[in-house]
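What follows is work-v1.csv (CSV, C-alpha atoms).
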```
chain,number,residue,atom,x,y,z
U,1,MET,CA,-7.4,-15.2,43.3
U,2,ILE,CA,-10.0,-17.5,41.9
U,3,ASP,CA,-10.2,-20.7,43.9
U,4,PHE,CA,-10.9,-23.6,41.5
U,5,LYS,CA,-11.9,-25.8,44.4
U,6,ASN,CA,-15.0,-23.7,44.9
U,7,ILE,CA,-16.2,-23.9,41.3
U,8,PRO,CA,-18.9,-26.6,40.8
U,9,ASN,CA,-17.5,-29.6,39.0
U,10,ASP,CA,-19.8,-29.2,36.0
U,11,ASP,CA,-18.3,-25.7,35.4
U,12,LYS,CA,-14.7,-26.8,35.5
U,13,PRO,CA,-13.0,-26.9,32.0
U,14,ARG,CA,-12.2,-30.6,32.0
U,15,GLU,CA,-15.7,-31.6,33.0
U,16,ARG,CA,-17.2,-29.1,30.4
U,17,LEU,CA,-15.0,-30.6,27.7
U,18,ARG,CA,-16.2,-34.1,28.5
U,19,ASN,CA,-19.8,-33.0,28.7
U,20,ILE,CA,-20.2,-30.5,25.8
U,21,GLY,CA,-17.1,-31.2,23.6
U,22,ALA,CA,-13.8,-29.4,23.1
U,23,GLU,CA,-15.2,-27.3,20.2
U,24,ASN,CA,-17.6,-25.6,22.6
U,25,LEU,CA,-15.0,-24.4,25.1
U,26,SER,CA,-13.5,-20.9,25.2
U,27,ASN,CA,-9.8,-20.3,24.5
U,28,GLU,CA,-9.2,-19.7,28.1
U,29,GLU,CA,-10.8,-23.0,29.1
U,30,LEU,CA,-8.7,-24.9,26.6
U,31,ILE,CA,-5.5,-23.3,27.8
U,32,SER,CA,-6.4,-24.0,31.4
U,33,ILE,CA,-6.7,-27.7,30.6
U,34,ILE,CA,-3.2,-27.7,29.0
U,35,LEU,CA,-1.7,-25.8,31.9
U,36,LYS,CA,-3.4,-28.0,34.5
U,37,THR,CA,-2.7,-25.9,37.5
U,38,GLY,CA,-1.9,-22.3,38.4
U,39,SER,CA,0.9,-21.1,40.7
U,40,LYS,CA,1.3,-19.4,44.0
U,41,GLY,CA,-1.0,-16.4,43.9
U,42,TYR,CA,-2.6,-17.2,40.6
U,43,SER,CA,-5.3,-19.7,39.6
U,44,VAL,CA,-5.0,-21.6,36.3
U,45,LYS,CA,-7.9,-19.5,35.0
U,46,GLU,CA,-6.0,-16.2,35.8
U,47,VAL,CA,-2.8,-17.5,34.2
U,48,SER,CA,-4.7,-18.4,31.1
U,49,LEU,CA,-6.4,-15.0,30.9
U,50,LYS,CA,-3.0,-13.3,31.4
U,51,LEU,CA,-1.6,-15.4,28.5
U,52,LEU,CA,-4.5,-14.4,26.2
U,53,LYS,CA,-4.1,-10.8,27.1
U,54,GLU,CA,-0.4,-10.9,26.3
U,55,ILE,CA,-0.8,-12.4,22.8
U,56,GLY,CA,-3.9,-10.4,21.9
U,57,ASP,CA,-4.8,-12.8,19.0
U,58,ILE,CA,-5.1,-16.5,19.6
U,59,LYS,CA,-3.5,-17.1,16.2
U,60,LYS,CA,-0.2,-15.6,17.6
U,61,LEU,CA,0.0,-18.5,20.0
U,62,LYS,CA,1.5,-20.7,17.4
U,63,ASP,CA,4.6,-18.5,17.1
U,64,ILE,CA,5.0,-17.5,20.8
U,65,GLY,CA,8.5,-18.0,22.2
U,66,PHE,CA,9.7,-19.3,25.5
U,67,ASN,CA,10.8,-15.9,26.7
U,68,THR,CA,7.4,-14.5,26.2
U,69,LEU,CA,5.7,-17.5,27.8
U,70,THR,CA,7.9,-17.5,30.9
U,71,SER,CA,7.5,-13.8,31.4
U,72,ILE,CA,3.8,-14.4,32.2
U,73,PRO,CA,3.2,-14.8,35.9
U,74,GLY,CA,2.4,-18.4,36.6
U,75,ILE,CA,4.1,-19.9,33.6
U,76,GLY,CA,7.5,-21.5,34.2
U,77,MET,CA,9.6,-23.4,31.8
U,78,VAL,CA,7.7,-26.7,32.3
U,79,LYS,CA,4.4,-25.2,31.5
U,80,ALA,CA,5.9,-23.3,28.6
U,81,ILE,CA,7.3,-26.6,27.2
U,82,GLU,CA,3.9,-28.3,27.6
U,83,LEU,CA,2.2,-25.5,25.7
U,84,LYS,CA,4.7,-25.5,22.9
U,85,ALA,CA,4.4,-29.2,22.5
U,86,SER,CA,0.6,-29.0,22.4
U,87,ILE,CA,0.7,-26.3,19.8
U,88,GLU,CA,3.1,-28.2,17.6
U,89,LEU,CA,1.1,-31.4,17.9
U,90,GLY,CA,-2.0,-29.5,16.8
U,91,LYS,CA,-0.2,-28.0,13.8
U,92,ARG,CA,1.0,-31.4,12.7
U,93,ILE,CA,-2.4,-33.0,13.0
U,94,TYR,CA,-4.0,-30.4,10.8
U,95,LEU,CA,-1.2,-29.9,8.3
U,96,ASP,CA,-2.1,-31.6,5.1
U,97,ASN,CA,0.6,-34.2,4.4
U,98,ASN,CA,-1.1,-35.7,1.3
U,99,ASN,CA,0.3,-33.1,-1.1
U,100,ILE,CA,3.9,-33.2,0.1
U,101,LYS,CA,3.8,-37.0,-0.2
U,102,SER,CA,2.5,-37.0,-3.7
U,103,LYS,CA,4.9,-36.6,-6.7
U,104,MET,CA,6.9,-33.4,-6.4
U,105,ASN,CA,6.3,-32.1,-9.9
U,106,ASN,CA,4.4,-28.9,-9.0
U,107,PRO,CA,6.1,-26.0,-7.2
U,108,LYS,CA,2.6,-24.7,-6.3
U,109,VAL,CA,1.9,-27.9,-4.3
U,110,ILE,CA,5.2,-27.6,-2.4
U,111,TYR,CA,4.5,-23.9,-1.8
U,112,ASP,CA,1.0,-24.6,-0.4
U,113,TYR,CA,2.5,-27.0,2.0
U,114,PHE,CA,5.4,-24.9,3.2
U,115,LYS,CA,3.6,-21.7,3.5
U,116,GLU,CA,1.8,-23.2,6.5
U,117,ILE,CA,5.2,-24.0,8.1
U,118,LEU,CA,7.1,-20.8,7.0
U,119,GLY,CA,4.5,-18.2,6.5
U,120,ASP,CA,4.9,-16.4,9.8
U,121,LYS,CA,8.5,-17.0,10.6
U,122,LYS,CA,10.6,-14.0,11.5
U,123,GLN,CA,13.9,-15.7,10.5
U,124,GLU,CA,14.9,-17.6,7.3
U,125,TYR,CA,14.4,-21.3,7.5
U,126,PHE,CA,16.1,-23.6,4.9
U,127,TYR,CA,14.6,-27.0,4.2
U,128,ALA,CA,15.6,-29.7,1.9
U,129,VAL,CA,13.0,-32.1,0.5
U,130,TYR,CA,14.3,-35.5,-0.5
U,131,LEU,CA,12.8,-37.5,-3.4
U,132,ASP,CA,13.3,-40.9,-4.8
U,133,THR,CA,13.9,-41.9,-8.4
U,134,LYS,CA,10.2,-41.5,-9.3
U,135,GLY,CA,9.9,-38.1,-7.7
U,136,ASN,CA,8.1,-39.4,-4.7
U,137,TYR,CA,8.6,-37.8,-1.3
U,138,ILE,CA,11.0,-39.5,1.1
U,139,ASP,CA,11.7,-37.0,3.8
U,140,LYS,CA,12.1,-33.3,4.6
U,141,LYS,CA,14.6,-31.7,6.9
U,142,CYS,CA,15.1,-28.2,8.3
U,143,LEU,CA,18.9,-27.7,8.0
U,144,PHE,CA,19.5,-24.1,8.7
U,145,ILE,CA,17.9,-21.2,10.5
U,146,GLY,CA,19.1,-17.6,10.1
U,147,THR,CA,20.2,-15.4,7.2
U,148,ILE,CA,20.7,-17.6,4.2
U,149,ASN,CA,24.1,-17.0,2.8
U,150,ASN,CA,27.2,-19.0,1.8
U,151,SER,CA,28.6,-19.0,5.3
U,152,ILE,CA,25.6,-20.8,6.8
U,153,VAL,CA,24.2,-23.0,4.1
U,154,HIS,CA,26.6,-25.9,4.0
U,155,PRO,CA,26.2,-28.2,1.0
U,156,ARG,CA,27.8,-31.1,2.9
U,157,GLU,CA,24.8,-31.1,5.3
U,158,ILE,CA,22.3,-31.1,2.4
U,159,PHE,CA,24.0,-33.9,0.5
U,160,LYS,CA,24.8,-35.9,3.7
U,161,GLU,CA,21.1,-36.2,4.5
U,162,ALA,CA,20.4,-37.2,0.8
U,163,TYR,CA,22.8,-40.1,1.1
U,164,LEU,CA,21.3,-41.2,4.4
U,165,VAL,CA,17.8,-41.5,2.9
U,166,SER,CA,19.1,-42.7,-0.5
U,167,ALA,CA,17.6,-39.7,-2.3
U,168,ASN,CA,17.8,-39.2,-6.0
U,169,GLY,CA,16.7,-35.6,-6.1
U,170,ILE,CA,16.5,-32.5,-3.8
U,171,ILE,CA,14.1,-29.6,-3.7
U,172,CYS,CA,15.4,-26.7,-1.6
U,173,VAL,CA,12.9,-24.5,0.1
U,174,HIS,CA,13.4,-21.4,2.2
U,175,ASN,CA,11.4,-18.3,3.2
U,176,HIS,CA,11.9,-14.6,3.0
U,177,PRO,CA,10.5,-13.0,6.2
U,178,SER,CA,10.1,-9.7,4.3
U,179,GLY,CA,7.4,-11.4,2.3
U,180,ASP,CA,9.1,-10.7,-1.1
U,181,PRO,CA,10.2,-14.0,-2.7
U,182,THR,CA,12.4,-12.4,-5.2
U,183,PRO,CA,15.8,-14.2,-5.0
U,184,SER,CA,18.8,-12.3,-3.8
U,185,LYS,CA,22.3,-12.6,-5.2
U,186,GLU,CA,23.1,-14.9,-2.4
U,187,ASP,CA,20.1,-17.1,-3.2
U,188,ILE,CA,21.1,-17.3,-6.9
U,189,GLY,CA,24.7,-18.0,-5.9
U,190,ILE,CA,23.9,-20.8,-3.5
U,191,THR,CA,21.5,-22.4,-6.0
U,192,ASN,CA,24.1,-22.5,-8.7
U,193,ARG,CA,26.6,-23.9,-6.3
U,194,LEU,CA,24.3,-26.7,-5.2
U,195,CYS,CA,23.3,-27.5,-8.8
U,196,GLU,CA,27.0,-27.9,-9.7
U,197,LEU,CA,27.6,-30.1,-6.6
U,198,GLY,CA,24.5,-32.1,-7.4
U,199,ILE,CA,26.0,-33.1,-10.7
U,200,ILE,CA,29.2,-34.3,-9.0
U,201,HIS,CA,27.2,-36.2,-6.4
U,202,GLY,CA,24.7,-37.7,-8.8
U,203,ILE,CA,21.8,-36.2,-6.9
U,204,LYS,CA,19.9,-33.6,-8.9
U,205,ILE,CA,18.8,-30.3,-7.4
U,206,ILE,CA,15.3,-30.2,-8.9
U,207,ASP,CA,14.1,-26.8,-7.7
U,208,HIS,CA,14.7,-24.1,-5.2
U,209,ILE,CA,11.5,-22.5,-4.0
U,210,ILE,CA,11.4,-19.2,-2.0
U,211,VAL,CA,8.3,-18.7,0.1
U,212,GLY,CA,6.9,-15.2,0.5
U,213,ASN,CA,3.6,-13.7,1.7
U,214,ASN,CA,0.9,-15.4,-0.5
U,215,ASN,CA,3.4,-16.0,-3.3
U,216,TYR,CA,6.6,-17.8,-4.2
U,217,TYR,CA,9.5,-18.0,-6.5
U,218,SER,CA,10.5,-21.2,-8.3
U,219,PHE,CA,14.0,-21.3,-9.8
U,220,HIS,CA,12.7,-24.2,-12.0
U,221,GLU,CA,9.7,-22.3,-13.3
U,222,ASN,CA,11.9,-19.3,-14.1
U,223,GLY,CA,14.3,-21.4,-16.1
U,224,ILE,CA,17.3,-21.0,-13.7
U,225,ILE,CA,17.4,-24.7,-12.9
```
Take the structure in the file and give it back as structure tokens.
Amino acid sequence: MIDFKNIPNDDKPRERLRNIGAENLSNEELISIILKTGSKGYSVKEVSLKLLKEIGDIKKLKDIGFNTLTSIPGIGMVKAIELKASIELGKRIYLDNNNIKSKMNNPKVIYDYFKEILGDKKQEYFYAVYLDTKGNYIDKKCLFIGTINNSIVHPREIFKEAYLVSANGIICVHNHPSGDPTPSKEDIGITNRLCELGIIHGIKIIDHIIVGNNNYYSFHENGII
């Protein structure tokens, strides 16, 4: 076990970050700062190295689950939660919100935003983007996770949120983990159903965009909506 108490202060991760800047620290040092301490039998440095060995590629850290984290010796649920919170905060800081808050008149703009959120997901995530009368962004909400079908996508939830934020239009967005954005029969059926209900509610379904790997499908661009 590495005893951090015997490491010179200037060589400790926190001091190195302060002295030379976060951008000059290794992945192991940055993780050590977030974890703060090790556990019985393992120093924080050893725990950080075990985590990096487990994931292989630092990019995979953004999608790591609680079960994987807590299976690593020295990482309990509290440390796992702190890591997940830090990762999510970093994603939000660097995610470009300017495009999504501009007028939603371009499916490519919406795709470019959501591919950062949905690109690596292993399940289907269904979002609704709510717009005002001028097509400006009001809010977005993840409403469903899992296989998208008629039994899980409940229109009442989609339109309930629209009423809560006084939306005039809705753009539905979901991903295909397979990477192929071609709409399924279920996708087409749900879209048609939502469009019909949109007329009744006076809240237009403007588009339904399916996010794939480096491509997308827009029901509006393809003349279905």
Find the spatial neighbours of U:Pro177, counting all atoms listed in the file, within a cut-off of 8 Å - ignore same-chain residues fewer than 5 positions away - and output them as a ChimeraX atom specification. /U:119-124,212
Closest-contact table, stretch 121-183 of chain U side, partner stretch 189-211 of chain U, 7 Å, counting only C-alpha atoms, as JSON lines:
```
{"residue": "U:Asn150", "atom": "CA", "partner": "U:Ile190", "partner_atom": "CA", "distance": 6.5}
{"residue": "U:Pro155", "atom": "CA", "partner": "U:Leu194", "partner_atom": "CA", "distance": 6.7}
{"residue": "U:Asn168", "atom": "CA", "partner": "U:Ile203", "partner_atom": "CA", "distance": 5.1}
{"residue": "U:Gly169", "atom": "CA", "partner": "U:Lys204", "partner_atom": "CA", "distance": 4.7}
{"residue": "U:Ile170", "atom": "CA", "partner": "U:Ile205", "partner_atom": "CA", "distance": 4.8}
{"residue": "U:Ile171", "atom": "CA", "partner": "U:Asp207", "partner_atom": "CA", "distance": 4.9}
{"residue": "U:Cys172", "atom": "CA", "partner": "U:His208", "partner_atom": "CA", "distance": 4.5}
{"residue": "U:Val173", "atom": "CA", "partner": "U:Ile209", "partner_atom": "CA", "distance": 4.8}
{"residue": "U:His174", "atom": "CA", "partner": "U:Ile210", "partner_atom": "CA", "distance": 5.1}
{"residue": "U:Asn175", "atom": "CA", "partner": "U:Val211", "partner_atom": "CA", "distance": 4.4}
{"residue": "U:His176", "atom": "CA", "partner": "U:Val211", "partner_atom": "CA", "distance": 6.2}
{"residue": "U:Pro181", "atom": "CA", "partner": "U:Ile210", "partner_atom": "CA", "distance": 5.4}
```
Please produce a file of those selected residues containing C-alpha atoms, as a compact mmCIF listing (two decimals), keeping the file's coordinate frame.
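File produced: result15.txt:
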```txt
# COMPACT_ATOMS: atom_id res chain seq x y z
CA ASN U 150 27.20 -19.00 1.80
CA PRO U 155 26.20 -28.20 1.00
CA ASN U 168 17.80 -39.20 -6.00
CA GLY U 169 16.70 -35.60 -6.10
CA ILE U 170 16.50 -32.50 -3.80
CA ILE U 171 14.10 -29.60 -3.70
CA CYS U 172 15.40 -26.70 -1.60
CA VAL U 173 12.90 -24.50 0.10
CA HIS U 174 13.40 -21.40 2.20
CA ASN U 175 11.40 -18.30 3.20
CA HIS U 176 11.90 -14.60 3.00
CA PRO U 181 10.20 -14.00 -2.70
```
For U:Pro107, which residue among U:Phe66, U:Phe126, U:Phe219, U:Tyr163 is the nearest when counting only C-alpha atoms?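 Using only C-alpha atoms, U:Pro107 sits closest to U:Phe219.
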So, counting only C-alpha atoms, which residue among U:Ile145, U:Val165, U:Val44, U:Leu51 is closest to U:Thr70?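 Ranked by minimum distance to U:Thr70, first place goes to U:Leu51.
When atom CA of U:Glu29 is paired with atom CA of U:Ile64, their separation reads 18.7 Å.
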Figure out the distance between atom CA of U:Leu61 and atom CA of U:Lys115, please, to one decimal in Å.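 Calculated distance between atom CA of U:Lys115 and atom CA of U:Leu61 is 17.2 Å.
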Could you please determine the separation between atom CA of U:Ile34 and atom CA of U:Leu17 in Å, to one decimal place?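 Rounded to one decimal, the two atoms are 12.2 Å apart.
Nearest residue to U:Ile33, choosing from U:Ser184, U:Ser166, U:Ser178, U:Ser48 and counting all atoms listed in the file: U:Ser48.
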Proximity to U:Tyr217 - best of U:Lys59, U:Lys50, U:Arg18, U:Lys108, all atoms listed in the file: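 Ranking U:Lys59, U:Lys50, U:Arg18, U:Lys108 by distance to U:Tyr217, first place goes to U:Lys108.
Ranking U:Phe114, U:Asn106, U:Lys36, U:Ile188 by their shortest atom-to-atom distance to U:Gly135, with all atoms listed in the file included, puts U:Asn106 first.
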Fewer than 5 positions away in the same chain doesn't count, so skip those; otherwise give me all residues within 10 Å of U:Thr37, counting all atoms listed in the file, as a list in words. Phe4, Ser32, Tyr42, Ser43, Val44, Lys45, Val47, Gly74, Ile75 and Lys79 of chain U
How would the residues just picked look written out with C-alpha atoms as an mmCIF file, in the frame of the given file?
```cif
data_model
loop_
_atom_site.group_PDB
_atom_site.id
_atom_site.type_symbol
_atom_site.label_atom_id
_atom_site.label_comp_id
_atom_site.auth_asym_id
_atom_site.auth_seq_id
_atom_site.Cartn_x
_atom_site.Cartn_y
_atom_site.Cartn_z
ATOM 1 C CA PHE U 4 -10.900 -23.600 41.500
ATOM 2 C CA SER U 32 -6.400 -24.000 31.400
ATOM 3 C CA TYR U 42 -2.600 -17.200 40.600
ATOM 4 C CA SER U 43 -5.300 -19.700 39.600
ATOM 5 C CA VAL U 44 -5.000 -21.600 36.300
ATOM 6 C CA LYS U 45 -7.900 -19.500 35.000
ATOM 7 C CA VAL U 47 -2.800 -17.500 34.200
ATOM 8 C CA GLY U 74 2.400 -18.400 36.600
ATOM 9 C CA ILE U 75 4.100 -19.900 33.600
ATOM 10 C CA LYS U 79 4.400 -25.200 31.500
#
```
